[in-house]
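To be precise, the following lines are entry_15.cif, and they hold mmCIF, C-alpha atoms.
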```
data_my_file
loop_
_atom_site.label_atom_id
_atom_site.label_comp_id
_atom_site.auth_asym_id
_atom_site.auth_seq_id
_atom_site.Cartn_x
_atom_site.Cartn_y
_atom_site.Cartn_z
CA MET Y 1 6.08 -136.94 -64.84
CA GLU Y 2 9.64 -136.83 -66.09
CA THR Y 3 10.10 -134.73 -69.23
CA PHE Y 4 11.48 -136.21 -72.44
CA PRO Y 5 12.75 -134.73 -75.68
CA THR Y 6 9.94 -134.90 -78.23
CA LEU Y 7 10.12 -137.84 -80.61
CA ILE Y 8 8.76 -137.17 -84.09
CA ARG Y 9 8.55 -138.96 -87.43
CA LYS Y 10 10.91 -138.20 -90.27
CA ASP Y 11 8.25 -135.94 -91.82
CA ASN Y 12 8.21 -133.85 -88.59
CA LYS Y 13 4.73 -135.11 -87.67
CA PRO Y 14 3.90 -136.75 -84.32
CA ILE Y 15 4.29 -140.52 -84.03
CA ARG Y 16 0.79 -142.07 -84.18
CA TYR Y 17 -0.03 -144.77 -81.63
CA LEU Y 18 -2.66 -147.44 -81.15
CA VAL Y 19 -2.90 -148.46 -77.48
CA VAL Y 20 -4.38 -151.89 -76.73
CA ASP Y 21 -5.16 -153.02 -73.19
CA ASP Y 22 -8.27 -154.39 -71.47
CA SER Y 23 -7.59 -152.10 -68.51
CA VAL Y 24 -8.83 -148.55 -68.99
CA PHE Y 25 -6.24 -147.33 -66.46
CA ALA Y 26 -3.40 -149.04 -68.24
CA ARG Y 27 -4.49 -147.44 -71.54
CA LYS Y 28 -4.75 -144.01 -69.90
CA ASN Y 29 -1.38 -144.38 -68.26
CA VAL Y 30 0.41 -145.44 -71.45
CA ALA Y 31 -1.44 -142.78 -73.46
CA LYS Y 32 -0.31 -140.11 -71.04
CA MET Y 33 3.30 -141.28 -71.37
CA VAL Y 34 3.38 -141.31 -75.16
CA GLU Y 35 1.69 -137.91 -75.30
CA ALA Y 36 4.48 -136.66 -73.02
CA PHE Y 37 6.93 -138.00 -75.64
CA GLY Y 38 5.14 -135.87 -78.26
CA GLY Y 39 3.07 -138.71 -79.73
CA GLU Y 40 -0.56 -138.79 -80.81
CA ILE Y 41 -3.09 -141.47 -79.79
CA VAL Y 42 -5.06 -142.38 -82.91
CA GLY Y 43 -6.89 -145.37 -81.48
CA GLU Y 44 -7.53 -147.49 -78.43
CA ALA Y 45 -8.76 -151.06 -78.08
CA GLY Y 46 -9.66 -153.29 -75.15
CA ASP Y 47 -9.16 -156.66 -76.83
CA GLY Y 48 -7.28 -158.32 -79.67
CA CYS Y 49 -10.19 -158.40 -82.14
CA THR Y 50 -10.82 -154.66 -81.80
CA ALA Y 51 -7.07 -154.04 -82.08
CA ILE Y 52 -7.05 -155.62 -85.55
CA THR Y 53 -9.96 -153.51 -86.82
CA GLU Y 54 -8.53 -150.38 -85.19
CA TYR Y 55 -5.17 -151.04 -86.84
CA ASP Y 56 -6.81 -151.28 -90.27
CA ARG Y 57 -8.78 -148.09 -89.58
CA THR Y 58 -6.00 -145.93 -88.17
CA MET Y 59 -2.80 -147.39 -89.68
CA PRO Y 60 -0.67 -146.24 -86.69
CA ASP Y 61 3.10 -145.92 -86.65
CA MET Y 62 3.24 -148.05 -83.53
CA VAL Y 63 1.03 -150.38 -81.51
CA LEU Y 64 1.49 -150.78 -77.76
CA MET Y 65 -0.25 -154.08 -76.99
CA ASP Y 66 -1.09 -155.89 -73.76
CA ILE Y 67 -0.88 -159.71 -73.80
CA THR Y 68 -3.55 -161.06 -71.44
CA MET Y 69 -6.88 -159.81 -72.75
CA PRO Y 70 -10.39 -161.22 -73.22
CA GLN Y 71 -11.62 -162.64 -76.54
CA MET Y 72 -8.26 -162.58 -78.28
CA GLU Y 73 -4.89 -162.32 -76.55
CA GLY Y 74 -2.27 -159.80 -77.61
CA ILE Y 75 0.17 -162.28 -79.14
CA GLU Y 76 -2.46 -163.67 -81.50
CA ALA Y 77 -3.63 -160.17 -82.41
CA ALA Y 78 -0.02 -159.16 -83.10
CA GLU Y 79 0.45 -162.19 -85.35
CA ARG Y 80 -2.69 -161.36 -87.34
CA ILE Y 81 -1.77 -157.70 -87.73
CA VAL Y 82 1.78 -158.54 -88.87
CA ARG Y 83 0.42 -161.12 -91.31
CA SER Y 84 -1.62 -158.40 -93.06
CA HIS Y 85 0.86 -155.57 -92.44
CA PRO Y 86 4.42 -156.94 -92.33
CA ASP Y 87 5.84 -153.51 -91.49
CA ALA Y 88 3.65 -153.08 -88.40
CA ARG Y 89 5.62 -152.00 -85.36
CA ILE Y 90 4.16 -153.74 -82.34
CA VAL Y 91 5.56 -153.49 -78.83
CA MET Y 92 4.09 -155.87 -76.26
CA VAL Y 93 3.37 -154.26 -72.89
CA SER Y 94 2.58 -156.85 -70.23
CA SER Y 95 3.08 -157.82 -66.62
CA VAL Y 96 3.74 -161.40 -67.73
CA GLY Y 97 7.38 -161.14 -68.73
CA TYR Y 98 8.79 -164.64 -68.66
CA GLN Y 99 11.11 -165.69 -71.40
CA GLU Y 100 8.76 -168.10 -73.22
CA ASN Y 101 6.12 -165.41 -73.48
CA ILE Y 102 8.56 -162.84 -74.80
CA VAL Y 103 10.02 -165.27 -77.33
CA ALA Y 104 6.52 -166.26 -78.49
CA ALA Y 105 5.61 -162.60 -79.00
CA LEU Y 106 8.80 -161.86 -80.92
CA GLN Y 107 8.33 -164.97 -83.08
CA LYS Y 108 4.84 -163.78 -84.00
CA GLY Y 109 6.18 -160.45 -85.19
CA ALA Y 110 6.31 -158.16 -82.15
CA ARG Y 111 9.36 -155.88 -82.20
CA HIS Y 112 9.95 -155.48 -78.47
CA PHE Y 113 8.61 -156.09 -74.98
CA VAL Y 114 8.03 -153.74 -72.02
CA GLN Y 115 7.21 -155.09 -68.57
CA LYS Y 116 4.40 -153.58 -66.46
CA PRO Y 117 4.32 -151.45 -64.36
CA VAL Y 118 5.57 -149.37 -67.27
CA LYS Y 119 8.46 -147.02 -66.55
CA SER Y 120 8.29 -144.01 -68.84
CA GLU Y 121 12.06 -143.86 -69.40
CA ILE Y 122 12.10 -147.50 -70.55
CA LEU Y 123 9.08 -147.04 -72.83
CA TYR Y 124 10.71 -143.96 -74.36
CA GLU Y 125 13.92 -145.83 -75.16
CA VAL Y 126 12.03 -148.82 -76.59
CA ILE Y 127 9.93 -146.58 -78.85
CA LYS Y 128 13.04 -144.77 -80.03
CA TYR Y 129 14.76 -148.08 -80.76
CA VAL Y 130 11.78 -149.63 -82.57
CA MET Y 131 11.12 -146.52 -84.67
CA GLY Y 132 14.80 -146.51 -85.64
CA ASP Y 133 15.59 -144.18 -88.54
CA ASP Y 134 11.89 -143.44 -89.05
CA ALA Y 135 11.87 -141.14 -86.02
CA ALA Y 136 14.14 -138.57 -84.46
CA VAL Y 137 14.36 -136.27 -81.49
CA ALA Y 138 12.73 -133.03 -82.55
CA THR Y 139 14.89 -129.95 -82.89
CA PRO Y 140 13.35 -126.66 -81.68
CA ALA Y 141 12.89 -125.60 -85.32
CA ALA Y 142 11.02 -128.81 -86.15
CA GLN Y 143 8.77 -128.40 -83.11
CA GLU Y 144 7.84 -124.86 -84.19
CA SER Y 145 6.89 -125.93 -87.72
CA MET L 1 2.20 -173.77 -47.77
CA LYS L 2 5.81 -173.45 -48.92
CA ILE L 3 7.47 -170.08 -48.57
CA GLU L 4 9.15 -170.52 -51.97
CA LEU L 5 5.68 -170.52 -53.51
CA ILE L 6 4.45 -167.36 -51.85
CA GLN L 7 7.66 -165.33 -51.71
CA PRO L 8 7.47 -164.31 -55.41
CA PHE L 9 3.97 -162.95 -54.81
CA ILE L 10 5.08 -160.98 -51.76
CA ASN L 11 8.08 -159.57 -53.64
CA ALA L 12 5.93 -158.75 -56.66
CA ALA L 13 3.21 -157.05 -54.60
CA ASP L 14 5.79 -155.03 -52.72
CA ALA L 15 7.57 -153.95 -55.92
CA VAL L 16 4.42 -153.24 -57.96
CA LEU L 17 2.75 -151.24 -55.17
CA ALA L 18 5.90 -149.23 -54.51
CA GLU L 19 6.42 -148.53 -58.22
CA THR L 20 2.76 -147.73 -58.91
CA LEU L 21 2.22 -145.56 -55.85
CA LYS L 22 5.68 -143.99 -56.01
CA SER L 23 6.22 -144.60 -52.30
CA PRO L 24 7.57 -147.43 -50.14
CA THR L 25 5.14 -149.98 -48.72
CA ARG L 26 5.22 -151.78 -45.40
CA ILE L 27 4.00 -155.29 -44.77
CA GLY L 28 1.53 -155.06 -41.89
CA ASP L 29 -0.48 -157.94 -40.46
CA VAL L 30 0.29 -161.43 -41.74
CA SER L 31 -1.89 -164.37 -40.74
CA MET L 32 -2.73 -167.90 -41.77
CA GLU L 33 -6.44 -168.12 -42.36
CA GLU L 34 -8.07 -171.45 -41.68
CA GLU L 35 -11.62 -170.19 -41.76
CA VAL L 36 -13.50 -168.98 -44.82
CA TYR L 37 -12.22 -165.87 -46.55
CA ARG L 38 -14.21 -162.75 -45.69
CA ARG L 39 -14.12 -159.95 -48.20
CA LYS L 40 -13.03 -156.57 -46.82
CA GLY L 41 -13.76 -154.25 -49.75
CA ILE L 42 -13.75 -154.78 -53.52
CA ALA L 43 -11.85 -157.95 -54.38
CA SER L 44 -10.49 -159.63 -57.47
CA MET L 45 -9.40 -163.23 -57.74
CA VAL L 46 -6.89 -164.91 -60.02
CA THR L 47 -6.76 -168.68 -60.32
CA ILE L 48 -3.66 -170.62 -61.32
CA LYS L 49 -3.57 -174.14 -62.75
CA GLY L 50 -0.55 -176.24 -63.58
CA ASP L 51 2.56 -177.28 -61.63
CA ILE L 52 1.24 -174.97 -58.92
CA GLU L 53 -2.45 -174.59 -58.28
CA GLY L 54 -4.45 -172.18 -56.22
CA ARG L 55 -5.81 -168.69 -56.10
CA ILE L 56 -4.81 -165.20 -55.09
CA ILE L 57 -7.31 -162.57 -53.98
CA PHE L 58 -6.61 -158.84 -53.87
CA ASP L 59 -8.89 -156.83 -51.66
CA ILE L 60 -9.08 -153.06 -51.37
CA ASP L 61 -11.60 -150.53 -50.03
CA THR L 62 -13.17 -147.91 -52.32
CA PRO L 63 -11.32 -144.80 -51.03
CA THR L 64 -7.96 -146.60 -51.30
CA ALA L 65 -8.90 -147.84 -54.77
CA ALA L 66 -9.60 -144.28 -55.93
CA LYS L 67 -6.16 -143.18 -54.74
CA VAL L 68 -4.44 -146.16 -56.37
CA ALA L 69 -6.47 -145.60 -59.56
CA SER L 70 -5.29 -142.00 -59.73
CA TYR L 71 -1.70 -143.23 -59.76
CA LEU L 72 -2.48 -145.92 -62.34
CA ALA L 73 -4.24 -143.50 -64.66
CA GLY L 74 -1.89 -140.61 -64.02
CA SER L 75 -4.81 -138.27 -63.20
CA PRO L 76 -7.36 -137.96 -60.34
CA MET L 77 -10.07 -140.64 -60.34
CA PRO L 78 -13.41 -140.56 -58.49
CA GLU L 79 -14.39 -142.93 -55.66
CA SER L 80 -16.77 -145.45 -57.18
CA GLU L 81 -17.32 -149.19 -57.26
CA ASP L 82 -16.49 -149.32 -60.98
CA VAL L 83 -13.18 -147.57 -60.39
CA ALA L 84 -12.45 -149.88 -57.46
CA ARG L 85 -13.18 -153.00 -59.52
CA GLU L 86 -11.00 -151.87 -62.38
CA THR L 87 -8.22 -150.90 -59.97
CA VAL L 88 -8.15 -154.13 -58.02
CA CYS L 89 -8.15 -156.18 -61.24
CA GLU L 90 -5.29 -154.16 -62.75
CA LEU L 91 -3.27 -154.41 -59.52
CA ALA L 92 -3.86 -158.17 -59.46
CA ASN L 93 -2.81 -158.39 -63.10
CA MET L 94 0.49 -156.59 -62.51
CA VAL L 95 1.40 -158.39 -59.27
CA ILE L 96 0.53 -161.85 -60.50
CA GLY L 97 2.17 -161.28 -63.86
CA SER L 98 5.37 -160.27 -62.14
CA ALA L 99 5.24 -163.20 -59.68
CA ILE L 100 4.58 -165.84 -62.29
CA THR L 101 7.41 -164.44 -64.39
CA SER L 102 9.71 -165.25 -61.49
CA LEU L 103 8.15 -168.68 -60.83
CA ASN L 104 8.25 -169.53 -64.53
CA ASP L 105 11.95 -168.68 -64.65
CA GLN L 106 12.39 -171.15 -61.74
CA GLY L 107 10.92 -173.91 -63.90
CA PHE L 108 7.26 -173.96 -62.89
CA ARG L 109 4.72 -174.11 -65.68
CA PHE L 110 1.13 -173.05 -65.28
CA LYS L 111 -1.74 -171.15 -66.80
CA ILE L 112 -3.27 -168.09 -65.18
CA ASN L 113 -6.75 -166.86 -65.83
CA PRO L 114 -7.45 -163.12 -66.09
CA PRO L 115 -8.62 -161.54 -62.81
CA VAL L 116 -12.31 -161.74 -62.02
CA VAL L 117 -14.16 -159.56 -59.55
CA HIS L 118 -14.82 -161.60 -56.42
CA LEU L 119 -18.35 -160.73 -55.42
CA ASP L 120 -19.04 -163.28 -52.69
CA GLU L 121 -18.86 -161.96 -49.15
CA VAL L 122 -17.09 -165.16 -48.11
CA GLY L 123 -14.85 -167.50 -50.06
CA GLU L 124 -14.11 -171.20 -49.91
CA LYS L 125 -12.85 -172.58 -46.65
CA SER L 126 -9.14 -173.36 -46.55
CA ASN L 127 -8.09 -176.92 -45.89
CA GLU L 128 -5.04 -178.83 -44.71
CA ASP L 129 -3.82 -179.09 -48.25
CA GLN L 130 -4.41 -175.48 -49.15
CA GLU L 131 -4.35 -173.04 -46.26
CA ALA L 132 -4.49 -169.33 -46.99
CA LEU L 133 -1.98 -166.66 -46.09
CA VAL L 134 -3.42 -163.18 -45.68
CA MET L 135 -1.12 -160.18 -45.84
CA CYS L 136 -1.83 -156.52 -45.45
CA PHE L 137 0.33 -154.06 -47.40
CA ASP L 138 0.33 -150.72 -45.71
CA THR L 139 0.78 -148.14 -48.48
CA GLY L 140 0.70 -144.37 -48.27
CA SER L 141 -2.69 -144.57 -50.01
CA GLY L 142 -4.32 -147.15 -47.69
CA ASN L 143 -4.28 -150.89 -47.06
CA VAL L 144 -4.15 -153.51 -49.79
CA PHE L 145 -4.91 -157.09 -48.72
CA MET L 146 -3.52 -160.12 -50.52
CA ASN L 147 -4.86 -163.58 -49.73
CA ILE L 148 -2.87 -166.49 -51.19
CA ALA L 149 -3.83 -170.16 -51.15
CA MET L 150 -1.58 -172.40 -53.21
CA ARG L 151 -0.14 -175.86 -53.38
CA TYR L 152 2.19 -177.92 -55.54
CA ASN L 153 0.40 -179.98 -58.12
CA ARG L 154 3.42 -181.52 -59.79
CA ARG L 155 7.09 -181.29 -59.19
CA ARG L 156 8.81 -178.79 -61.39
CA ARG L 157 10.30 -180.01 -64.67
CA ALA L 158 13.93 -179.77 -63.57
CA ASP L 159 13.21 -182.07 -60.61
CA ASN L 160 11.66 -184.66 -62.90
CA ARG L 161 14.66 -184.93 -65.18
CA PRO L 162 16.63 -188.20 -64.71
CA SER L 163 19.92 -187.56 -62.95
#
```
Rendering of file as structure tokens:
Amino acid sequence: METFPTLIRKDNKPIRYLVVDDSVFARKNVAKMVEAFGGEIVGEAGDGCTAITEYDRTMPDMVLMDITMPQMEGIEAAERIVRSHPDARIVMVSSVGYQENIVAALQKGARHFVQKPVKSEILYEVIKYVMGDDAAVATPAAQES
Amino acid sequence: MKIELIQPFINAADAVLAETLKSPTRIGDVSMEEEVYRRKGIASMVTIKGDIEGRIIFDIDTPTAAKVASYLAGSPMPESEDVARETVCELANMVIGSAITSLNDQGFRFKINPPVVHLDEVGEKSNEDQEALVMCFDTGSGNVFMNIAMRYNRRRRADNRPS
């Protein structure tokens, strides 16, 4: 896999992620990518309902959320999480990337959208953009500490 | 079956397989299937309802599934039926998601159901209205079969607008 400069939070700690996807492979793949960016997986969920409880339990810095899932779809889960946690950073990760779907997700509070199959360089840039000033590329000194 | 209906699925399968497996794919055998569908390995089916209706089946054997799964997960995966089922469903998800994105942008509206594992040895017989196209994608990891049967249900919205 391509190597990326480590992305860390302002307090020099790893960015904490919740990965939500009904496909175990998709979760593994995304988890591997964010770990390569220097992130930490604090929770995983296979459906929207579990995503909500996992969010409350782990309070991640970022959620990477699939759209088409059993029980509760990603857009509804995103809406519910944002309703309770207005600062939640949720990035939708889905193969269904038509405009109406993206607009619906953004209207419900998602911050960005990444199309599957996920390209690591695109995911990296989206995470960097969504984290904004709350994250930075780690300097060697910060990585040592 | 209109080529404009199936082309997005062919393009999507080609792109998704190439991107996932990090190698080019080649379209092998293509045939119109009038008889019942016969499953070749582990299959998943996605049904579509709306302006376009029909179903797409992805079919893959267990050794190929394990190789594809290893790419999807980013680490080696064992050969097993569970891995194959998960793989074929995730492949179907990505290909169909990409294809319907393209069809939706062309003005078609429909609802897709999540992939389900297709357990029957044979499927429904095709008919005049809905014949099936079977394609084999020859990848570096093995063959992936895609079986598409679709038809127009309604004309797309743009065509219905008064001129």
*What residues come out when you apply the PyMOL selection byres ((chain Y) within 7 of (chain L)) to this file, written as JSON, numbers by chain?*
{"Y": [23, 25, 26, 28, 29, 68, 95, 96, 97, 98, 116, 117]}
*What does the distance from CA of Ile75 in chain Y to CA of Asp14 in chain L come to in Å, to one decimal?*
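Those two atoms sit 28.0 Å apart.
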*Give as a list in words the residues that the PyMOL selection byres ((chain Y and resi 54) around 12) matches when applied to the coordinates above.*
Tyr17, Leu18, Val19, Val20, Ile41, Val42, Gly43, Glu44, Ala45, Gly46, Asp47, Gly48, Cys49, Thr50, Ala51, Ile52, Thr53, Tyr55, Asp56, Arg57, Thr58, Met59, Pro60, Val63, Ala77 and Ile81 of chain Y
_the PyMOL selection byres ((chain Y and resi 121) around 10) applied to the shown file, residues as a count of residues only_ = 13
*asked:* For a test of reading the model, state the distance in Å between CA of Asp66 in chain Y and CA of Ser94 in chain Y, rounded to one decimal.
replied: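 Pair CA of Asp66 in chain Y / CA of Ser94 in chain Y returns 5.2 Å.
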